[in-house]
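This report concerns only the one structure given below.
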Number of protein chains: 2
Amino acid sequence: MAADYVHGYSARESQRLTDQATTLADLLLADTVYPADARVLEAGCGTGAQTLTLARQSPGAEIVSIDVSLDSLAEARRAVAAAGCRNVTFLHADLFTAPFAPASFDHVFVCFVLEHLAKPVEALPCLRRVLKPGGTITVIEGDHGSTYFHPDSRHARRAVQCLVDLQASAGGNALIGRQLYPLLMQSGFVEVRVSPRMVYVDGSRPALIDGFTRKTFIAMVEGVRAQAIAHGLIDAAAFDEGVRDLYRTAAGDGVFCYTFFKALGARSRNDPSQPSPAETSPDQGGEQRVQPQPTLR
Amino acid sequence: MAADYVHGYSARESQRLTDQATTLADLLLADTVYPADARVLEAGCGTGAQTLTLARQSPGAEIVSIDVSLDSLAEARRAVAAAGCRNVTFLHADLFTAPFAPASFDHVFVCFVLEHLAKPVEALPCLRRVLKPGGTITVIEGDHGSTYFHPDSRHARRAVQCLVDLQASAGGNALIGRQLYPLLMQSGFVEVRVSPRMVYVDGSRPALIDGFTRKTFIAMVEGVRAQAIAHGLIDAAAFDEGVRDLYRTAAGDGVFCYTFFKALGARSRNDPSQPSPAETSPDQGGEQRVQPQPTLR
């Protein structure tokens, strides 16, 4: 079942993703550095919000970034070219059916993608198989259920819940961050370690108030206003009150908390390059999966 | 208004506090080390769960630990003596009315105390005044609203909410962790920095599953079962289902998250040692406060 991309593809959303990536690059990506000559697959690069950081931090690595949206790919390509990075190849492909040979990458990187998939536990084995045995996967996801703030507000919590409900009704899962460990284990990865990356924002951190609380998180909530009302999840007045209360947490005496989860796992050195019969549906062979085109960004 | 101590004073609760302190000592206290000859006030030492770590990590400091419970003090004294620590003095005193001269401590340490006070914003200035100008305060609190887990469960969330509601009805605040920054700022401290300390527990961390999820958190929830039912917050079956679902998060494919908050603040070097008239109630002078004996642990 295809999952719709809940955040849409507007220019405003693209700006939000860039603001988010700039604010969060250190927190989420500083420890992701690939050695020279490593071949890295970025699955679901979207508009390239993370691609640029990856490319800059690992100038000797060869990065292959795929996405299902041609528009997003074009934007990612422009951004990376404008920054003068020459170690990224962009490909229009779906992670379930991408035309890569088994065991053809040293590392896989997936950021803010699984949350939009109906069955992440079917996507992850596809990524495992394109990894060389011993190669690693890095997965980064948020978890909207990790959101809390001061002053607490029932209305603000309801507005955030709209985002969770919309993502669920689109076939995704906005609470996926906390699930990365079991998901990777169930998908056959080994040596899985998850490290939470909490964003804590108070009056002593004005850059985070602006870059994260306002321009990343509240902007994301505001971005689903029309959808939330159209889906009958909330009425306009209640939604707007929730957003007002979220902005209240960005005052000097407010506090805002959100946690991302970063998982690192490996493909076992004993993992056979071809899937076992049990891993392949009876009506198809090889690496192809039944999944009809879930939407990545 | 006095706040009752929601967790009670049973032997089981004392064991829980010791399990909690052992598991969390590194996470919460590793960076609290006082220089030789520093005079440190531990306000609300309870049964000494943190006192022992403080005393061992700062063997040259002189620690004065106060509490309002004579039984807790006796237990703390025994534990510290049994460990051979000789740098702690125990005193039966209330932090609002403790018999200390203004500016008589280099540092103040308060852990899991403010959450049980009706008006923490009145307690903190009392602690500020016993600090020397330039001295620091360390405050550590949990925040039950930071709890989330996998598998998610409405019943489990309801059981946790009982704890929050009971603490509120006893005059405390189980969501105080997120508020440390504004509380310390409003209480006249300067250079306030808060660092969240998240406990993330998954199947790769069996010691935390046992020491934190089961023996610290779930034990705490189970400890209020009778109170929660007696207060009509929940019926027995629903509570027990919630607890069962909490134990489910301690399985190998479960995940449990909780965040403590640690704040460090300072008394300004320009802060006059005597309170201004505005800070003193008209019917009393000096350091005494109107507050009638809130219960610390």
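Identifiers in the structure tokens: chain A, B, ... in order shown; residue index from 1 per chain; ligand index from 1 in order shown.
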Practice item. Output as a PyMOL selection string the set of chain A residues within 12 Å of chain B, with distances taken over only C-alpha atoms. Key: chain A and resi 143-152+157+175-186+190-205+249+251-263
Just C-alpha atoms for this one: save the residues we selected as a PDB file, in the first residue's frame.
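In the end it all went to part05.pdb:
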ATOM      1  CA  ASP A 143       9.134  10.633  16.956  1.00  0.00           C
ATOM      2  CA  HIS A 144       6.310  13.120  17.395  1.00  0.00           C
ATOM      3  CA  GLY A 145       5.239  11.325  20.584  1.00  0.00           C
ATOM      4  CA  SER A 146       8.492  12.539  22.137  1.00  0.00           C
ATOM      5  CA  THR A 147       7.205  16.110  22.011  1.00  0.00           C
ATOM      6  CA  TYR A 148       6.500  17.905  25.271  1.00  0.00           C
ATOM      7  CA  PHE A 149       6.785  21.483  26.358  1.00  0.00           C
ATOM      8  CA  HIS A 150       6.225  24.157  28.951  1.00  0.00           C
ATOM      9  CA  PRO A 151       3.730  25.651  29.417  1.00  0.00           C
ATOM     10  CA  ASP A 152       1.923  22.367  28.806  1.00  0.00           C
ATOM     11  CA  ARG A 157      -0.952  18.503  22.206  1.00  0.00           C
ATOM     12  CA  LEU A 175       6.034   7.530  16.246  1.00  0.00           C
ATOM     13  CA  ILE A 176       8.616   5.394  14.461  1.00  0.00           C
ATOM     14  CA  GLY A 177      11.729   6.820  16.134  1.00  0.00           C
ATOM     15  CA  ARG A 178      11.292   4.751  19.289  1.00  0.00           C
ATOM     16  CA  GLN A 179      10.870   1.600  17.170  1.00  0.00           C
ATOM     17  CA  LEU A 180      14.163   1.654  15.275  1.00  0.00           C
ATOM     18  CA  TYR A 181      15.830  -0.999  17.417  1.00  0.00           C
ATOM     19  CA  PRO A 182      13.153  -3.689  16.990  1.00  0.00           C
ATOM     20  CA  LEU A 183      12.639  -2.739  13.323  1.00  0.00           C
ATOM     21  CA  LEU A 184      16.304  -3.188  12.453  1.00  0.00           C
ATOM     22  CA  MET A 185      16.566  -6.409  14.457  1.00  0.00           C
ATOM     23  CA  GLN A 186      13.447  -7.820  12.794  1.00  0.00           C
ATOM     24  CA  VAL A 190      23.123  -7.167  13.579  1.00  0.00           C
ATOM     25  CA  GLU A 191      25.074  -5.069  16.076  1.00  0.00           C
ATOM     26  CA  VAL A 192      22.198  -2.594  16.227  1.00  0.00           C
ATOM     27  CA  ARG A 193      22.790   0.413  18.472  1.00  0.00           C
ATOM     28  CA  VAL A 194      20.328   3.242  18.820  1.00  0.00           C
ATOM     29  CA  SER A 195      21.235   6.639  20.182  1.00  0.00           C
ATOM     30  CA  PRO A 196      18.509   9.145  20.934  1.00  0.00           C
ATOM     31  CA  ARG A 197      19.258  12.737  19.962  1.00  0.00           C
ATOM     32  CA  MET A 198      17.162  15.024  22.046  1.00  0.00           C
ATOM     33  CA  VAL A 199      16.546  18.623  21.071  1.00  0.00           C
ATOM     34  CA  TYR A 200      16.085  20.598  24.277  1.00  0.00           C
ATOM     35  CA  VAL A 201      15.165  24.249  23.810  1.00  0.00           C
ATOM     36  CA  ASP A 202      14.924  26.885  26.530  1.00  0.00           C
ATOM     37  CA  GLY A 203      15.407  30.636  26.819  1.00  0.00           C
ATOM     38  CA  SER A 204      19.184  30.275  26.907  1.00  0.00           C
ATOM     39  CA  ARG A 205      19.200  28.835  23.372  1.00  0.00           C
ATOM     40  CA  THR A 249       6.559  27.587  24.375  1.00  0.00           C
ATOM     41  CA  ALA A 251       8.945  32.518  24.662  1.00  0.00           C
ATOM     42  CA  GLY A 252      11.930  33.173  26.914  1.00  0.00           C
ATOM     43  CA  ASP A 253      10.387  31.271  29.819  1.00  0.00           C
ATOM     44  CA  GLY A 254       9.074  28.412  27.672  1.00  0.00           C
ATOM     45  CA  VAL A 255      10.685  25.036  27.046  1.00  0.00           C
ATOM     46  CA  PHE A 256      10.361  22.664  24.105  1.00  0.00           C
ATOM     47  CA  CYS A 257      11.566  19.051  23.867  1.00  0.00           C
ATOM     48  CA  TYR A 258      11.724  16.681  20.913  1.00  0.00           C
ATOM     49  CA  THR A 259      13.778  13.561  20.314  1.00  0.00           C
ATOM     50  CA  PHE A 260      15.223  12.081  17.142  1.00  0.00           C
ATOM     51  CA  PHE A 261      16.570   8.546  17.067  1.00  0.00           C
ATOM     52  CA  LYS A 262      19.666   7.487  15.176  1.00  0.00           C
ATOM     53  CA  ALA A 263      20.298   3.794  14.658  1.00  0.00           C
TER      54      ALA A 263
END
Practice item. Fewer than 2 positions away in the same chain doesn't count, so skip those; otherwise give me all residues within 12 Å of Asp240 in chain A, counting only C-alpha atoms, as a ChimeraX atom specification. Key: /A:155-156,158-160,218,221-226,228-229,234-238,242-247
Output the selection as a tab-separated table (two decimals), in the first residue's frame - N, CA, C and O atoms for each residue.
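After the write, part11.tsv holds the following:
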chain	number	residue	atom	x	y	z
A	155	HIS	N	-4.42	21.98	24.08
A	155	HIS	CA	-4.68	22.38	22.69
A	155	HIS	C	-3.44	22.12	21.83
A	155	HIS	O	-3.55	21.64	20.71
A	156	ALA	N	-2.29	22.47	22.35
A	156	ALA	CA	-1.05	22.25	21.58
A	156	ALA	C	-0.85	20.76	21.35
A	156	ALA	O	-0.49	20.34	20.25
A	158	ARG	N	-3.12	18.56	21.12
A	158	ARG	CA	-4.10	18.11	20.10
A	158	ARG	C	-3.63	18.46	18.70
A	158	ARG	O	-3.80	17.68	17.76
A	159	ALA	N	-3.06	19.65	18.53
A	159	ALA	CA	-2.57	20.04	17.20
A	159	ALA	C	-1.45	19.11	16.75
A	159	ALA	O	-1.40	18.70	15.58
A	160	VAL	N	-0.55	18.75	17.68
A	160	VAL	CA	0.53	17.82	17.33
A	160	VAL	C	-0.06	16.45	16.96
A	160	VAL	O	0.39	15.79	16.02
A	218	ILE	N	7.03	23.92	14.75
A	218	ILE	CA	5.73	24.60	14.62
A	218	ILE	C	5.38	24.77	13.14
A	218	ILE	O	4.23	24.60	12.74
A	221	VAL	N	3.77	21.67	11.97
A	221	VAL	CA	2.38	21.56	12.42
A	221	VAL	C	1.49	22.49	11.60
A	221	VAL	O	0.44	22.10	11.08
A	222	GLU	N	1.92	23.74	11.45
A	222	GLU	CA	1.13	24.69	10.66
A	222	GLU	C	0.91	24.20	9.24
A	222	GLU	O	-0.12	24.48	8.63
A	223	GLY	N	1.88	23.45	8.73
A	223	GLY	CA	1.80	22.97	7.35
A	223	GLY	C	0.68	21.99	7.10
A	223	GLY	O	0.31	21.76	5.94
A	224	VAL	N	0.12	21.38	8.15
A	224	VAL	CA	-0.96	20.42	7.93
A	224	VAL	C	-2.33	20.97	8.35
A	224	VAL	O	-3.30	20.22	8.43
A	225	ARG	N	-2.39	22.29	8.60
A	225	ARG	CA	-3.65	22.88	9.07
A	225	ARG	C	-4.83	22.52	8.16
A	225	ARG	O	-5.85	22.00	8.62
A	226	ALA	N	-4.69	22.79	6.87
A	226	ALA	CA	-5.81	22.57	5.95
A	226	ALA	C	-6.20	21.09	5.91
A	226	ALA	O	-7.39	20.75	5.98
A	228	ALA	N	-5.71	18.81	8.21
A	228	ALA	CA	-6.28	18.37	9.50
A	228	ALA	C	-7.74	18.78	9.58
A	228	ALA	O	-8.60	18.00	10.03
A	229	ILE	N	-8.03	19.99	9.13
A	229	ILE	CA	-9.42	20.47	9.16
A	229	ILE	C	-10.25	19.70	8.13
A	229	ILE	O	-11.35	19.23	8.43
A	234	ILE	N	-10.06	18.15	13.56
A	234	ILE	CA	-10.07	19.28	14.49
A	234	ILE	C	-10.75	20.44	13.76
A	234	ILE	O	-10.78	20.45	12.53
A	235	ASP	N	-11.31	21.40	14.51
A	235	ASP	CA	-11.83	22.56	13.80
A	235	ASP	C	-10.79	23.68	13.80
A	235	ASP	O	-9.80	23.62	14.54
A	236	ALA	N	-11.01	24.65	12.95
A	236	ALA	CA	-9.99	25.68	12.72
A	236	ALA	C	-9.62	26.40	14.02
A	236	ALA	O	-8.44	26.64	14.31
A	237	ALA	N	-10.64	26.74	14.82
A	237	ALA	CA	-10.37	27.52	16.04
A	237	ALA	C	-9.48	26.72	17.01
A	237	ALA	O	-8.53	27.25	17.58
A	238	ALA	N	-9.80	25.44	17.17
A	238	ALA	CA	-9.02	24.61	18.10
A	238	ALA	C	-7.60	24.44	17.59
A	238	ALA	O	-6.63	24.50	18.36
A	242	GLY	N	-4.14	25.69	19.39
A	242	GLY	CA	-3.00	24.81	19.63
A	242	GLY	C	-1.70	25.41	19.11
A	242	GLY	O	-0.66	25.38	19.79
A	243	VAL	N	-1.76	25.99	17.90
A	243	VAL	CA	-0.55	26.59	17.32
A	243	VAL	C	-0.12	27.80	18.15
A	243	VAL	O	1.07	27.99	18.41
A	244	ARG	N	-1.11	28.59	18.61
A	244	ARG	CA	-0.76	29.73	19.48
A	244	ARG	C	-0.04	29.25	20.74
A	244	ARG	O	0.95	29.84	21.17
A	245	ASP	N	-0.53	28.16	21.31
A	245	ASP	CA	0.10	27.64	22.53
A	245	ASP	C	1.49	27.06	22.24
A	245	ASP	O	2.37	27.10	23.10
A	246	LEU	N	1.67	26.51	21.05
A	246	LEU	CA	3.02	26.05	20.68
A	246	LEU	C	3.97	27.24	20.59
A	246	LEU	O	5.11	27.18	21.06
A	247	TYR	N	3.52	28.34	19.99
A	247	TYR	CA	4.36	29.54	19.93
A	247	TYR	C	4.67	30.06	21.33
A	247	TYR	O	5.75	30.58	21.59
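Straight-line separation from CA of Tyr34 in chain A to CA of Ser65 in chain A: 14.6 Å.
When only C-alpha atoms are used to compute distances to Leu73 in chain B, the closest of the residues B:Gln227, B:Thr47, B:Asn173, B:Thr136 turns out to be B:Thr47.
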Practice item. Write out as a ChimeraX atom specification the residues lying within 8 Å of Ala83 in chain B, counting only C-alpha atoms and excluding same-chain residues fewer than 3 positions away. Key: /B:52,79-80
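Note that CA of Gln57 in chain B and CA of Thr23 in chain B are 16.0 Å apart.
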Point to revise | Residue contacts of Glu75 in chain B (10 Å, only C-alpha atoms) excluding same-chain residues fewer than 6 positions away, as a list of chain:residue names | key: B:Ser14, B:Gly46, B:Thr47, B:Gly48, B:Ala49, B:Ala81
I need the residues from that last selection saved to file as a PDB file, in the first residue's frame (with N, CA, C and O atoms), if you can.
ATOM      1  N   SER B  14      12.175   2.216  49.724  1.00  0.00           N
ATOM      2  CA  SER B  14      13.577   2.506  50.004  1.00  0.00           C
ATOM      3  C   SER B  14      14.482   1.673  49.082  1.00  0.00           C
ATOM      4  O   SER B  14      15.479   2.174  48.544  1.00  0.00           O
ATOM      5  N   GLY B  46      16.674  12.598  51.809  1.00  0.00           N
ATOM      6  CA  GLY B  46      15.901  11.358  51.906  1.00  0.00           C
ATOM      7  C   GLY B  46      16.714  10.274  52.579  1.00  0.00           C
ATOM      8  O   GLY B  46      17.417  10.516  53.563  1.00  0.00           O
ATOM      9  N   THR B  47      16.651   9.062  52.002  1.00  0.00           N
ATOM     10  CA  THR B  47      17.360   7.935  52.610  1.00  0.00           C
ATOM     11  C   THR B  47      18.818   7.867  52.170  1.00  0.00           C
ATOM     12  O   THR B  47      19.477   6.846  52.353  1.00  0.00           O
ATOM     13  N   GLY B  48      19.309   8.909  51.547  1.00  0.00           N
ATOM     14  CA  GLY B  48      20.731   8.968  51.205  1.00  0.00           C
ATOM     15  C   GLY B  48      21.073   8.337  49.866  1.00  0.00           C
ATOM     16  O   GLY B  48      22.241   8.037  49.587  1.00  0.00           O
ATOM     17  N   ALA B  49      20.054   8.135  49.030  1.00  0.00           N
ATOM     18  CA  ALA B  49      20.292   7.460  47.751  1.00  0.00           C
ATOM     19  C   ALA B  49      21.367   8.181  46.931  1.00  0.00           C
ATOM     20  O   ALA B  49      22.194   7.539  46.278  1.00  0.00           O
ATOM     21  N   ALA B  81      27.607   5.739  56.831  1.00  0.00           N
ATOM     22  CA  ALA B  81      28.579   5.215  57.808  1.00  0.00           C
ATOM     23  C   ALA B  81      29.071   3.840  57.371  1.00  0.00           C
ATOM     24  O   ALA B  81      30.276   3.544  57.434  1.00  0.00           O
TER      25      ALA B  81
END
Exercise for review: Considering only C-alpha atoms, return as a list of chain:residue names whatever protein or nucleic-acid residues lie within 10 Å of Cys111 in chain B, sequence-local ones (same chain, fewer than 3 positions apart) excluded.
Suggested key: B:Leu28, B:Glu42, B:Ala43, B:Gly44, B:Cys45, B:Gly46, B:Ala49, B:Gln50, B:Thr51, B:Leu114, B:Glu115, B:Thr138, B:Val139, B:Ile140, B:Glu141, B:Gly142, B:Lys262, B:Arg297
Write a file of the just-selected residues containing N, CA and C atoms, as a PDB file, in the first residue's frame.
ATOM      1  N   LEU B  28      23.316  10.723  36.052  1.00  0.00           N
ATOM      2  CA  LEU B  28      22.891  11.970  36.691  1.00  0.00           C
ATOM      3  C   LEU B  28      23.995  12.666  37.481  1.00  0.00           C
ATOM      4  N   GLU B  42      23.219  19.480  50.823  1.00  0.00           N
ATOM      5  CA  GLU B  42      22.275  18.628  50.095  1.00  0.00           C
ATOM      6  C   GLU B  42      20.907  18.800  50.752  1.00  0.00           C
ATOM      7  N   ALA B  43      20.006  19.456  50.042  1.00  0.00           N
ATOM      8  CA  ALA B  43      18.694  19.768  50.620  1.00  0.00           C
ATOM      9  C   ALA B  43      17.701  18.678  50.250  1.00  0.00           C
ATOM     10  N   GLY B  44      17.214  17.943  51.251  1.00  0.00           N
ATOM     11  CA  GLY B  44      16.279  16.851  50.999  1.00  0.00           C
ATOM     12  C   GLY B  44      17.006  15.588  50.596  1.00  0.00           C
ATOM     13  N   CYS B  45      17.833  15.058  51.520  1.00  0.00           N
ATOM     14  CA  CYS B  45      18.652  13.897  51.155  1.00  0.00           C
ATOM     15  C   CYS B  45      17.871  12.595  51.179  1.00  0.00           C
ATOM     16  N   GLY B  46      16.674  12.598  51.809  1.00  0.00           N
ATOM     17  CA  GLY B  46      15.901  11.358  51.906  1.00  0.00           C
ATOM     18  C   GLY B  46      16.714  10.274  52.579  1.00  0.00           C
ATOM     19  N   ALA B  49      20.054   8.135  49.030  1.00  0.00           N
ATOM     20  CA  ALA B  49      20.292   7.460  47.751  1.00  0.00           C
ATOM     21  C   ALA B  49      21.367   8.181  46.931  1.00  0.00           C
ATOM     22  N   GLN B  50      21.371   9.511  46.967  1.00  0.00           N
ATOM     23  CA  GLN B  50      22.389  10.264  46.227  1.00  0.00           C
ATOM     24  C   GLN B  50      23.573  10.665  47.113  1.00  0.00           C
ATOM     25  N   THR B  51      23.320  10.737  48.418  1.00  0.00           N
ATOM     26  CA  THR B  51      24.340  11.229  49.345  1.00  0.00           C
ATOM     27  C   THR B  51      25.648  10.451  49.223  1.00  0.00           C
ATOM     28  N   LEU B 114      12.139  19.133  44.491  1.00  0.00           N
ATOM     29  CA  LEU B 114      11.222  20.196  44.059  1.00  0.00           C
ATOM     30  C   LEU B 114       9.906  19.630  43.552  1.00  0.00           C
ATOM     31  N   GLU B 115       9.953  18.439  42.939  1.00  0.00           N
ATOM     32  CA  GLU B 115       8.733  17.823  42.404  1.00  0.00           C
ATOM     33  C   GLU B 115       7.681  17.581  43.491  1.00  0.00           C
ATOM     34  N   THR B 138      22.822  22.851  41.992  1.00  0.00           N
ATOM     35  CA  THR B 138      22.553  21.767  41.053  1.00  0.00           C
ATOM     36  C   THR B 138      21.180  21.204  41.404  1.00  0.00           C
ATOM     37  N   VAL B 139      20.306  21.154  40.409  1.00  0.00           N
ATOM     38  CA  VAL B 139      18.956  20.628  40.635  1.00  0.00           C
ATOM     39  C   VAL B 139      18.711  19.490  39.650  1.00  0.00           C
ATOM     40  N   ILE B 140      18.263  18.357  40.156  1.00  0.00           N
ATOM     41  CA  ILE B 140      17.934  17.222  39.285  1.00  0.00           C
ATOM     42  C   ILE B 140      16.491  16.814  39.539  1.00  0.00           C
ATOM     43  N   GLU B 141      15.716  16.705  38.465  1.00  0.00           N
ATOM     44  CA  GLU B 141      14.325  16.258  38.590  1.00  0.00           C
ATOM     45  C   GLU B 141      13.959  15.371  37.411  1.00  0.00           C
ATOM     46  N   GLY B 142      13.023  14.492  37.625  1.00  0.00           N
ATOM     47  CA  GLY B 142      12.451  13.726  36.519  1.00  0.00           C
ATOM     48  C   GLY B 142      11.283  14.473  35.902  1.00  0.00           C
ATOM     49  N   LYS B 262      18.804  17.997  34.469  1.00  0.00           N
ATOM     50  CA  LYS B 262      19.786  18.459  35.447  1.00  0.00           C
ATOM     51  C   LYS B 262      20.103  19.914  35.147  1.00  0.00           C
ATOM     52  N   ARG B 297      11.908  14.772  51.076  1.00  0.00           N
ATOM     53  CA  ARG B 297      12.292  13.415  51.428  1.00  0.00           C
ATOM     54  C   ARG B 297      13.785  13.395  51.758  1.00  0.00           C
TER      55      ARG B 297
END
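If you measure from each of B:Leu124, B:Ala74, B:Ala93, B:Val64 to Phe105 in chain B using only C-alpha atoms, the closest one turns out to be B:Val64.
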Practice item. Rank A:Ile66, A:Ala230, A:Ala174, A:Ala207 by their smallest atom-to-atom distance to Val40 in chain A, using only C-alpha atoms, and report the top residue only. Key: A:Ile66
Check your understanding: Hey, which of B:Val113, B:Ala36, B:Leu233, B:Lys215 ends up closest to Gln161 in chain B? Count only C-alpha atoms.
Key -> B:Leu233
**Study point:** Per-residue DSSP, range 25-238 of chain A, filtered to strand (DSSP E), as number ranges by chain
**Key:** A: 39-43, 62-67, 88-92, 105-111, 131-141, 148-150, 190-201
